[in-house]
file input29.txt (compact mmCIF, C-alpha atoms and all ligand atoms)
# COMPACT_ATOMS: atom_id res chain seq x y z
CA MET C 1 0.00 0.00 0.00
CA LYS C 2 1.33 3.41 -0.87
CA ASN C 3 1.48 4.88 2.55
CA THR C 4 2.28 8.50 3.04
CA HIS C 5 0.81 9.14 6.39
CA ASP C 6 2.83 10.66 9.14
CA THR C 7 3.17 8.82 12.39
CA ASN C 8 5.18 11.60 14.05
CA LEU C 9 7.37 8.91 15.46
CA ASN C 10 10.41 10.31 17.16
CA THR C 11 13.40 8.13 17.71
CA PRO C 12 16.98 9.08 18.44
CA ASN C 13 18.24 7.92 15.04
CA MET C 14 15.28 8.69 12.94
CA LYS C 15 13.29 11.70 11.91
CA GLU C 16 9.50 11.69 11.94
CA GLY C 17 8.27 9.45 9.14
CA THR C 18 5.57 7.41 7.61
CA ILE C 19 4.62 3.91 8.74
CA LYS C 20 6.36 2.70 5.59
CA ASP C 21 9.51 4.64 6.50
CA VAL C 22 9.42 3.22 9.98
CA TYR C 23 8.91 -0.28 8.64
CA SER C 24 11.80 -0.04 6.16
CA HIS C 25 14.02 1.43 8.85
CA ILE C 26 13.30 -1.49 11.13
CA LYS C 27 13.74 -4.00 8.32
CA ASP C 28 17.08 -2.49 7.45
CA HIS C 29 18.31 -1.98 10.99
CA GLY C 30 16.35 -4.55 13.00
CA HIS C 31 15.50 -1.73 15.40
CA ALA C 32 13.11 -3.42 17.85
CA LYS C 33 12.90 -0.30 20.03
CA VAL C 34 11.26 1.61 17.19
CA SER C 35 8.52 -0.98 16.83
CA HIS C 36 7.76 -0.79 20.53
CA GLN C 37 7.49 2.96 20.41
CA TYR C 38 5.31 2.81 17.35
CA MET C 39 3.08 0.12 18.84
CA ARG C 40 2.48 2.12 21.96
CA ASN C 41 1.34 5.12 19.90
CA VAL C 42 1.96 7.16 23.02
CA LYS C 43 0.34 10.29 21.69
CA ASN C 44 -2.76 8.49 20.36
CA GLN C 45 -2.21 9.73 16.87
CA LEU C 46 -5.01 9.15 14.43
CA ARG C 47 -3.87 6.39 12.08
CA LEU C 48 -6.98 5.08 10.40
CA VAL C 49 -10.41 6.50 9.83
CA PHE C 50 -13.16 4.22 8.60
CA TRP C 51 -15.82 6.34 6.97
CA GLU C 52 -19.20 4.90 6.12
CA THR C 53 -19.63 7.09 3.05
CA THR C 54 -23.18 5.80 2.53
CA ALA C 55 -25.54 3.40 4.24
CA GLY C 56 -26.78 2.28 0.82
CA CYS C 57 -25.69 -1.11 -0.45
CA ASN C 58 -26.60 -3.59 -3.14
CA LEU C 59 -26.23 -6.57 -0.75
CA GLU C 60 -27.91 -7.53 2.51
CA CYS C 61 -25.21 -9.56 4.24
CA ILE C 62 -26.30 -11.42 7.31
CA HIS C 63 -23.54 -10.03 9.56
CA CYS C 64 -23.79 -6.35 8.52
CA ARG C 65 -23.30 -3.75 11.26
CA ARG C 66 -26.25 -1.75 9.90
CA LEU C 67 -29.76 -2.48 11.08
CA ASP C 68 -31.60 -0.66 8.29
CA VAL C 69 -30.34 -2.07 5.07
CA SER C 70 -31.00 0.37 2.27
CA THR C 71 -30.69 -0.61 -1.36
CA GLN C 72 -30.45 3.04 -2.34
CA LEU C 73 -28.59 6.12 -1.17
CA THR C 74 -29.97 7.46 2.08
CA LYS C 75 -30.94 11.08 2.57
CA ASP C 76 -28.81 11.22 5.72
CA ASP C 77 -25.54 10.56 3.86
CA MET C 78 -23.17 13.53 4.05
CA THR C 79 -23.37 15.71 0.93
CA THR C 80 -20.34 16.16 -1.30
CA GLU C 81 -19.65 19.55 0.27
CA GLU C 82 -19.97 18.16 3.79
CA SER C 83 -17.66 15.33 2.79
CA TYR C 84 -14.99 17.80 1.66
CA GLU C 85 -15.32 19.71 4.93
CA PHE C 86 -14.92 16.46 6.84
CA ILE C 87 -11.76 15.63 4.87
CA ASP C 88 -10.39 19.11 5.64
CA ALA C 89 -11.07 18.44 9.32
CA LEU C 90 -9.18 15.13 9.11
CA VAL C 91 -6.17 16.85 7.60
CA GLU C 92 -6.21 19.38 10.45
CA THR C 93 -6.19 16.50 12.93
CA GLY C 94 -3.40 14.36 11.51
CA ASN C 95 -2.50 12.32 8.50
CA PRO C 96 -4.52 9.13 8.78
CA ILE C 97 -5.27 6.53 6.17
CA LEU C 98 -8.85 7.19 5.12
CA VAL C 99 -10.84 4.03 4.39
CA LEU C 100 -13.89 4.75 2.26
CA SER C 101 -16.42 2.13 3.26
CA GLY C 102 -20.16 1.74 3.49
CA GLY C 103 -22.71 0.29 2.96
CA GLU C 104 -21.18 0.03 -0.46
CA PRO C 105 -19.04 3.10 -1.21
CA LEU C 106 -19.31 2.54 -4.97
CA PHE C 107 -23.00 3.30 -4.59
CA ARG C 108 -22.14 6.98 -4.18
CA PRO C 109 -21.95 8.74 -7.54
CA ASP C 110 -19.49 11.31 -6.11
CA ILE C 111 -17.19 8.71 -4.49
CA PHE C 112 -14.36 9.36 -6.96
CA ASP C 113 -14.55 13.13 -6.44
CA ILE C 114 -14.34 12.48 -2.72
CA ALA C 115 -11.39 10.10 -3.12
CA LYS C 116 -9.54 12.55 -5.37
CA TYR C 117 -10.19 15.40 -2.97
CA ALA C 118 -8.71 13.42 -0.09
CA VAL C 119 -5.71 12.29 -2.15
CA ASN C 120 -5.06 15.89 -3.22
CA LYS C 121 -5.12 16.88 0.43
CA GLY C 122 -2.31 14.38 1.03
CA LEU C 123 -4.27 11.54 2.60
CA THR C 124 -3.70 7.91 1.76
CA VAL C 125 -7.06 6.59 0.61
CA ALA C 126 -8.24 2.98 0.68
CA LEU C 127 -11.53 1.59 -0.52
CA ALA C 128 -13.46 -1.20 1.21
CA THR C 129 -15.98 -2.74 -1.16
CA ASN C 130 -17.92 -5.93 -1.66
CA GLY C 131 -16.40 -5.95 -5.16
CA THR C 132 -19.60 -6.89 -6.97
CA LEU C 133 -19.95 -3.52 -8.74
CA VAL C 134 -16.38 -3.46 -10.05
CA ASP C 135 -16.28 -4.00 -13.79
CA GLU C 136 -13.42 -2.90 -16.03
CA ALA C 137 -14.60 0.71 -16.27
CA MET C 138 -15.20 0.98 -12.52
CA ALA C 139 -11.75 -0.48 -11.81
CA LYS C 140 -10.16 2.20 -13.97
CA LYS C 141 -12.07 4.95 -12.17
CA ILE C 142 -10.87 3.62 -8.81
CA VAL C 143 -7.26 3.60 -10.01
CA ASP C 144 -7.58 7.05 -11.59
CA ALA C 145 -8.98 8.48 -8.35
CA GLY C 146 -5.65 7.71 -6.67
CA VAL C 147 -6.89 5.00 -4.29
CA SER C 148 -3.88 3.20 -2.80
CA ARG C 149 -5.45 -0.10 -1.80
CA VAL C 150 -8.76 -1.86 -2.29
CA SER C 151 -10.07 -4.46 0.12
CA ILE C 152 -12.71 -6.89 -1.03
CA SER C 153 -14.70 -9.01 1.39
CA ILE C 154 -14.59 -12.73 0.69
CA ASP C 155 -16.40 -14.72 3.36
CA GLY C 156 -16.10 -18.20 1.94
CA ALA C 157 -13.49 -20.09 -0.02
CA ASP C 158 -16.17 -21.22 -2.46
CA ALA C 159 -19.19 -19.62 -4.07
CA GLU C 160 -21.76 -21.49 -2.00
CA THR C 161 -20.31 -20.48 1.39
CA HIS C 162 -19.77 -16.86 0.38
CA ASP C 163 -23.09 -16.41 -1.42
CA ASN C 164 -25.08 -17.86 1.50
CA PHE C 165 -23.44 -15.40 3.86
CA ARG C 166 -23.85 -12.47 1.49
CA LYS C 167 -27.37 -13.52 0.59
CA LEU C 168 -26.80 -13.04 -3.14
CA LYS C 169 -26.22 -15.82 -5.61
CA GLY C 170 -23.31 -14.98 -7.89
CA SER C 171 -21.76 -12.48 -5.47
CA PHE C 172 -18.62 -14.64 -5.01
CA GLU C 173 -18.00 -14.78 -8.73
CA ARG C 174 -18.61 -11.06 -9.12
CA ALA C 175 -16.35 -10.22 -6.19
CA ILE C 176 -13.53 -12.30 -7.71
CA GLU C 177 -14.09 -10.67 -11.09
CA GLY C 178 -13.95 -7.25 -9.45
CA PHE C 179 -10.75 -8.27 -7.68
CA ASN C 180 -9.16 -9.38 -10.96
CA HIS C 181 -10.14 -6.21 -12.83
CA LEU C 182 -8.37 -4.13 -10.20
CA LYS C 183 -5.39 -6.45 -9.92
CA LYS C 184 -4.90 -6.28 -13.67
CA LEU C 185 -4.52 -2.51 -13.36
CA GLY C 186 -1.85 -2.92 -10.68
CA MET C 187 -3.97 -2.05 -7.64
CA SER C 188 -2.71 -3.25 -4.25
CA MET C 189 -5.37 -5.75 -3.19
CA GLN C 190 -6.49 -7.04 0.18
CA ILE C 191 -8.95 -9.77 1.02
CA ASN C 192 -11.05 -9.41 4.16
CA CYS C 193 -12.61 -12.57 5.59
CA THR C 194 -15.10 -12.63 8.42
CA ILE C 195 -14.47 -15.91 10.21
CA ALA C 196 -17.51 -17.47 11.84
CA LYS C 197 -19.09 -20.91 12.18
CA HIS C 198 -20.05 -21.16 8.53
CA ASN C 199 -16.47 -20.91 7.25
CA SER C 200 -14.14 -21.58 10.19
CA HIS C 201 -13.08 -24.87 8.57
CA GLN C 202 -11.94 -22.92 5.49
CA LEU C 203 -9.13 -20.82 6.92
CA HIS C 204 -6.44 -22.59 4.89
CA ASP C 205 -8.57 -22.51 1.75
CA LEU C 206 -9.22 -18.78 2.17
CA TYR C 207 -5.50 -18.22 2.67
CA ASN C 208 -4.70 -20.25 -0.46
CA LEU C 209 -7.36 -18.35 -2.39
CA ALA C 210 -5.67 -15.08 -1.42
CA LEU C 211 -2.31 -16.49 -2.56
CA ASN C 212 -3.76 -17.77 -5.84
CA LEU C 213 -5.32 -14.38 -6.52
CA SER C 214 -1.93 -12.74 -5.79
CA ALA C 215 -3.46 -10.51 -3.15
CA GLU C 216 -1.04 -8.33 -1.23
CA ALA C 217 -2.79 -9.04 2.08
CA ILE C 218 -5.34 -11.20 3.82
CA HIS C 219 -7.07 -9.87 6.93
CA ILE C 220 -9.25 -12.14 8.99
CA PHE C 221 -11.97 -10.57 11.05
CA MET C 222 -13.60 -12.06 14.13
CA LEU C 223 -17.36 -11.52 14.08
CA VAL C 224 -18.74 -8.85 16.40
CA PRO C 225 -22.41 -9.09 17.36
CA VAL C 226 -23.60 -5.65 16.24
CA GLY C 227 -26.41 -4.60 13.89
CA CYS C 228 -27.56 -7.60 11.87
CA GLY C 229 -24.68 -9.51 13.50
CA VAL C 230 -26.70 -9.65 16.75
CA GLU C 231 -29.33 -11.76 15.03
CA ILE C 232 -26.82 -14.31 13.84
CA ALA C 233 -24.55 -14.22 16.89
CA ASP C 234 -25.98 -17.35 18.48
CA ASP C 235 -25.75 -19.27 15.22
CA GLN C 236 -22.44 -17.92 13.98
CA MET C 237 -20.17 -16.92 16.88
CA LEU C 238 -17.53 -19.56 17.47
CA GLU C 239 -16.82 -20.80 20.97
CA PRO C 240 -13.83 -18.98 22.56
CA GLU C 241 -11.76 -22.21 22.40
CA ARG C 242 -12.37 -22.47 18.68
CA TYR C 243 -11.33 -18.84 18.14
CA GLU C 244 -8.15 -19.62 20.07
CA TYR C 245 -7.49 -22.55 17.74
CA ILE C 246 -8.15 -20.51 14.60
CA LEU C 247 -5.94 -17.65 15.73
CA ASN C 248 -3.15 -20.16 16.39
CA GLU C 249 -3.66 -21.59 12.92
CA PHE C 250 -3.49 -18.08 11.48
CA TYR C 251 -0.25 -17.46 13.38
CA ASP C 252 1.23 -20.55 11.69
CA LEU C 253 0.14 -19.33 8.27
CA SER C 254 1.53 -15.85 8.98
CA LYS C 255 4.96 -17.33 9.62
CA GLU C 256 5.12 -18.48 6.02
CA ALA C 257 5.48 -14.75 5.21
CA LYS C 258 4.10 -15.27 1.70
CA ILE C 259 1.57 -12.47 2.02
CA GLN C 260 0.76 -9.72 4.54
CA THR C 261 -1.50 -11.16 7.22
CA LYS C 262 -3.53 -9.40 9.87
CA ALA C 263 -5.97 -10.65 12.45
CA THR C 264 -8.41 -7.75 12.78
CA CYS C 265 -10.71 -7.28 15.73
CA SER C 266 -9.18 -10.37 17.31
CA PRO C 267 -7.09 -8.48 19.87
CA HIS C 268 -6.00 -11.58 21.76
CA TYR C 269 -4.15 -12.65 18.61
CA PHE C 270 -1.48 -10.25 19.86
CA ARG C 271 -1.28 -12.23 23.12
CA ILE C 272 -1.17 -15.53 21.20
CA MET C 273 1.56 -14.17 18.93
CA ARG C 274 3.70 -13.34 21.96
CA GLN C 275 3.03 -16.64 23.69
CA ARG C 276 3.89 -18.61 20.57
CA ALA C 277 6.99 -16.55 19.79
CA LYS C 278 8.22 -17.09 23.36
CA GLU C 279 7.68 -20.84 23.08
CA GLU C 280 9.59 -20.79 19.81
CA GLY C 281 12.40 -18.65 21.22
CA ILE C 282 11.80 -15.91 18.66
CA THR C 283 11.95 -12.18 19.37
CA ILE C 284 9.05 -10.34 17.82
CA THR C 285 10.26 -7.78 15.31
CA PRO C 286 8.81 -6.59 12.01
CA LYS C 287 11.37 -8.85 10.33
CA THR C 288 9.84 -11.92 11.95
CA HIS C 289 6.19 -10.89 12.37
CA GLY C 290 5.57 -8.07 9.87
CA MET C 291 3.30 -5.16 10.72
CA ALA C 292 1.74 -7.17 13.56
CA ALA C 293 4.93 -6.47 15.51
CA MET C 294 4.22 -2.76 15.30
CA THR C 295 0.65 -2.51 16.34
CA LYS C 296 -1.62 -3.75 19.07
CA GLY C 297 -4.94 -5.56 19.35
CA CYS C 298 -7.84 -3.16 19.68
CA LEU C 299 -7.13 0.30 18.33
CA ALA C 300 -10.64 1.69 18.83
CA GLY C 301 -10.36 5.28 19.99
CA THR C 302 -6.58 5.12 20.38
CA GLY C 303 -5.48 5.07 16.73
CA VAL C 304 -8.69 4.35 14.88
CA CYS C 305 -12.21 5.69 14.69
CA PHE C 306 -15.34 5.23 12.63
CA VAL C 307 -17.49 8.00 11.17
CA SER C 308 -21.03 7.08 10.22
CA HIS C 309 -22.78 8.17 7.05
CA LYS C 310 -24.56 10.86 9.09
CA GLY C 311 -21.33 12.18 10.60
CA GLU C 312 -21.47 10.56 14.04
CA VAL C 313 -18.09 9.52 15.42
CA PHE C 314 -17.59 6.16 17.13
CA PRO C 315 -14.49 4.36 18.42
CA CYS C 316 -15.02 1.76 15.70
CA GLY C 317 -17.84 0.57 13.48
CA TYR C 318 -18.88 -2.08 15.97
CA LEU C 319 -18.95 -0.11 19.19
CA PRO C 320 -22.11 2.01 19.22
CA VAL C 321 -20.94 4.53 21.82
CA ASN C 322 -21.13 8.02 20.39
CA ALA C 323 -18.03 10.18 20.76
CA GLY C 324 -19.30 13.25 18.84
CA HIS C 325 -20.63 14.53 15.54
CA VAL C 326 -18.51 15.99 12.76
CA LYS C 327 -21.22 18.45 11.72
CA LYS C 328 -21.57 19.82 15.24
CA GLN C 329 -17.98 19.92 16.55
CA PRO C 330 -14.52 20.21 15.06
CA PHE C 331 -13.29 16.67 14.42
CA LYS C 332 -9.93 17.50 16.00
CA GLU C 333 -11.69 18.33 19.27
CA ILE C 334 -13.63 15.06 19.21
CA TRP C 335 -10.50 13.02 18.57
CA LYS C 336 -8.51 14.82 21.26
CA ASP C 337 -11.03 15.32 24.02
CA SER C 338 -14.03 13.04 23.70
CA PRO C 339 -14.61 11.36 27.09
CA VAL C 340 -15.24 8.03 25.31
CA PHE C 341 -11.86 8.17 23.57
CA MET C 342 -10.12 9.39 26.74
CA LYS C 343 -11.44 6.37 28.60
CA LEU C 344 -10.41 3.92 25.88
CA ARG C 345 -6.88 5.33 26.07
CA GLU C 346 -6.48 4.18 29.66
CA PRO C 347 -5.79 0.43 29.72
CA ASP C 348 -5.70 0.71 33.51
CA LEU C 349 -9.45 1.30 33.43
CA LEU C 350 -10.10 -2.09 31.84
CA GLY C 351 -12.29 -4.31 33.95
CA GLY C 352 -12.43 -8.02 34.78
CA LYS C 353 -9.56 -10.21 33.71
CA CYS C 354 -8.48 -7.80 30.95
CA GLY C 355 -7.78 -5.28 33.71
CA GLU C 356 -5.35 -7.61 35.43
CA CYS C 357 -3.88 -9.19 32.33
CA GLU C 358 -0.17 -8.85 31.64
CA TYR C 359 -0.99 -8.57 27.92
CA LYS C 360 -3.51 -5.77 28.26
CA LYS C 361 -1.30 -3.10 26.69
CA VAL C 362 -0.78 -5.13 23.52
CA CYS C 363 -4.27 -6.59 23.40
CA GLU C 364 -6.96 -4.62 25.29
CA GLY C 365 -9.63 -7.16 24.32
CA CYS C 366 -12.48 -6.26 21.98
CA ARG C 367 -14.35 -3.37 23.54
CA ALA C 368 -17.36 -3.97 21.28
CA ARG C 369 -17.80 -7.61 22.29
CA ALA C 370 -17.43 -6.55 25.95
CA PHE C 371 -20.13 -3.92 25.37
CA TYR C 372 -22.43 -6.41 23.67
CA GLU C 373 -22.07 -8.86 26.53
CA THR C 374 -22.27 -6.47 29.50
CA GLY C 375 -23.25 -2.96 28.36
CA ASP C 376 -19.83 -1.76 29.62
CA TYR C 377 -17.22 -1.24 26.93
CA MET C 378 -14.40 -1.41 29.47
CA ALA C 379 -15.47 -4.86 30.73
CA GLU C 380 -13.47 -8.01 29.96
CA GLU C 381 -13.39 -9.53 26.49
CA PRO C 382 -15.84 -12.43 26.59
CA TYR C 383 -14.21 -14.47 23.82
CA CYS C 384 -10.71 -14.90 25.26
CA ILE C 385 -9.86 -18.05 27.20
CA TYR C 386 -6.67 -16.68 28.74
CA LYS C 387 -6.35 -16.59 32.50
CA PRO C 388 -3.95 -13.80 33.50
CA LYS C 389 -0.95 -14.81 35.61
CA ILE C 390 -2.18 -12.90 38.64
CA ALA C 391 -5.50 -14.80 38.54
CA LYS C 392 -3.62 -18.10 38.37
CA THR C 393 -1.95 -17.33 41.69
CA ARG C 394 -5.25 -16.83 43.53
S1 LIG Y 1 -13.72 -2.73 19.71
FE1 LIG Y 1 -11.67 -2.97 18.86
S2 LIG Y 1 -11.42 -5.15 18.45
FE2 LIG Y 1 -13.58 -4.76 18.78
S3 LIG Y 1 -14.48 -4.47 16.76
FE3 LIG Y 1 -13.89 -2.45 17.50
S4 LIG Y 1 -11.79 -2.07 16.82
FE4 LIG Y 1 -12.26 -4.27 16.57
S1 LIG Y 2 -7.59 -11.40 29.18
FE1 LIG Y 2 -8.16 -9.57 27.98
S2 LIG Y 2 -6.25 -8.39 27.78
FE2 LIG Y 2 -5.71 -10.50 28.38
S3 LIG Y 2 -5.30 -11.59 26.48
FE3 LIG Y 2 -7.47 -11.96 27.01
S4 LIG Y 2 -8.59 -10.35 25.95
FE4 LIG Y 2 -6.45 -9.73 25.99

call {"tool": "encode", "arguments": {"input": "input29.txt", "output": "C-alpha cells"}}
result
Amino acid sequence: MKNTHDTNLNTPNMKEGTIKDVYSHIKDHGHAKVSHQYMRNVKNQLRLVFWETTAGCNLECIHCRRLDVSTQLTKDDMTTEESYEFIDALVETGNPILVLSGGEPLFRPDIFDIAKYAVNKGLTVALATNGTLVDEAMAKKIVDAGVSRVSISIDGADAETHDNFRKLKGSFERAIEGFNHLKKLGMSMQINCTIAKHNSHQLHDLYNLALNLSAEAIHIFMLVPVGCGVEIADDQMLEPERYEYILNEFYDLSKEAKIQTKATCSPHYFRIMRQRAKEEGITITPKTHGMAAMTKGCLAGTGVCFVSHKGEVFPCGYLPVNAGHVKKQPFKEIWKDSPVFMKLREPDLLGGKCGECEYKKVCEGCRARAFYETGDYMAEEPYCIYKPKIAKTR
C-alpha cells in the first residue's frame, strides 16, 4: 500500500516518518525499540479512519453492522460539500489513512470526487468494497482516483459459502471478477474474511485463495455481534476455544510470510503471537512478524475511529458509543477530548480479567464484544480463554 501518512514517530536515530519509512528502517536496521514505540502510539495519533460514506448497499449480508439495510442512497448521507469539509477536518487533525467504506461506497456517484479530494489533500485513501460492482470501467475509475489499496470481502473459499453469507447468488464470482479487474490494473489488493461458524473450517482454503489471486494481504476478522450480527450471533459466533485454535492456525500461516497477514478485531491474537513466539524462542520484530509487531490488538479510539454516514463519530464501526458529531464539533476536538476516547486510552481502566492481564497493553480485548455482553465497553473480552498470571496465583 502506498502509505504517506505521518506517524510523528520520534526516535533518536530517525526523523519523523511514515509507517512505511518506519517499517523499512526497522527491516534495514532490525530496530526493535522503534517498533515498541510505534506500537504504543503514546500520543494516540489518528492512524486510520473508517468512513461509512453511505448506508446504501446492493447486498444484505447477514452479519452487517447496519440495522436498516438500504438498497439506495440514504438522505442522511453527508453531501459532497460536507464530505470535503470532513476531509479538511481530518487533515487538520493528523494524516490518517482514510478508508472509504459503506454500505457500499461505490453506490455513491461522487465517491471518486471524494477520493480525489482526499488524495489531493495528502491523505492515503483505501476503498473497502464488496467488489460486486467493479467492472473494467469501474476499476479504472478507482485507479484514476488515486486509491492506494482496495479491500474486497470474501467470506467463503467457495461460491456457495460466500453467497449464502452475502445472501446473493453470484456475489462470489462477481467479487472475484472485481478483484481481478483491479489487480490487472496494478492495484494493491487485500482480502477481508469474516471468520464465523459457517467458514471456520476454510481458513487454509481462504489463505490459499488469497495467494492464488496474488493478493497483497489477507485480513481475517472475528465476528462482532452488532447490527444484523446480533441476530446471527448465536448461530455464527464460534466458541472462545475455537477462536483460540483458529488464531493459532493463522499465526502458523503468517509465519510463512508469503503475504501480509492481519488478524483484525481479534485483539487476543497479539497475546497468542507473543506466547507462541516465546515458546519458539523468537523475538518479535517486524522482520519476523511483519506489521503485527508494530501494532496492538484493539485500536478503537486510540489510533482508529469510525465515522457514520450521518457524521457521528464512534471508536469503531462495531462499538455504538457516540463520541461526537462531525457536523456539530470540530473533528480535532472530538479526537482529542471526547470522554469516550479518553477512557479507551487508559488500559488501567479495563475491567475483569483484561484489567489484570499482563498482555492488556498489547491486546486490550475487543471493547465492542465486551459492550455487547455487559453494556460496559471497558469490561473483559468475553471471547478470550486466557487466564492472567495474577488470577492463576489466587
Ligand atoms: S472494539 Fe476494537 S477489536 Fe472490537 S471491533 Fe472495535 S476495533 Fe475491533
Ligand atoms: S484477558 Fe483480555 S487483555 Fe488479556 S489476552 Fe485476554 S482479551 Fe487480551

call {"tool": "atom_distance", "arguments": {"input": "input29.txt", "atom1": "atom CA of Ile195 of chain C", "atom2": "atom CA of Thr161 of chain C"}}
result
11.5 Å

call {"tool": "residues_near_ligand", "arguments": {"input": "input29.txt", "ligand": "ligand LIG 2 (chain Y)", "cutoff": "6 Å", "atoms": "all atoms listed in the file", "output": "ChimeraX atom specification"}}
result
/C:268,271,353-354,357,359-360,363-365,380-381,384,386

call {"tool": "atom_distance", "arguments": {"input": "input29.txt", "atom1": "atom CA of Ala292 of chain C", "atom2": "atom CA of Ala263 of chain C"}}
result
8.5 Å

call {"tool": "residues_near_ligand", "arguments": {"input": "input29.txt", "ligand": "ligand LIG 1 (chain Y)", "cutoff": "10 Å", "atoms": "all atoms listed in the file", "output": "NGL selection string"}}
result
:C and (221-226 or 263-268 or 296-306 or 314-320 or 344 or 363-371 or 377-378 or 381)

call {"tool": "closest_residue", "arguments": {"input": "input29.txt", "among": "C:Val362, C:Met187, C:Ala118, C:Ala157", "to": "Tyr207 of chain C", "atoms": "all atoms listed in the file"}}
result
C:Ala157

call {"tool": "closest_residue", "arguments": {"input": "input29.txt", "among": "C:Glu52, C:Glu356, C:Asp234, C:Gly131", "to": "Ser308 of chain C", "atoms": "all atoms listed in the file"}}
result
C:Glu52

call {"tool": "residues_around", "arguments": {"input": "input29.txt", "residues": "Leu247 of chain C", "least_positions_apart": "4", "cutoff": "8 Å", "atoms": "all atoms listed in the file", "output": "ChimeraX atom specification"}}
result
/C:243,251,263,269,272

call {"tool": "residues_around", "arguments": {"input": "input29.txt", "residues": "Ser214 of chain C", "least_positions_apart": "4", "cutoff": "9 Å", "atoms": "only C-alpha atoms", "output": "CSV table (one decimal) with C-alpha atoms, in the frame of the given file"}}
result
chain,number,residue,atom,x,y,z
C,183,LYS,CA,-5.4,-6.4,-9.9
C,189,MET,CA,-5.4,-5.8,-3.2
C,209,LEU,CA,-7.4,-18.4,-2.4
C,210,ALA,CA,-5.7,-15.1,-1.4
C,259,ILE,CA,1.6,-12.5,2.0

call {"tool": "atom_distance", "arguments": {"input": "input29.txt", "atom1": "atom CA of Ala128 of chain C", "atom2": "atom CA of Val49 of chain C"}}
result
12.0 Å
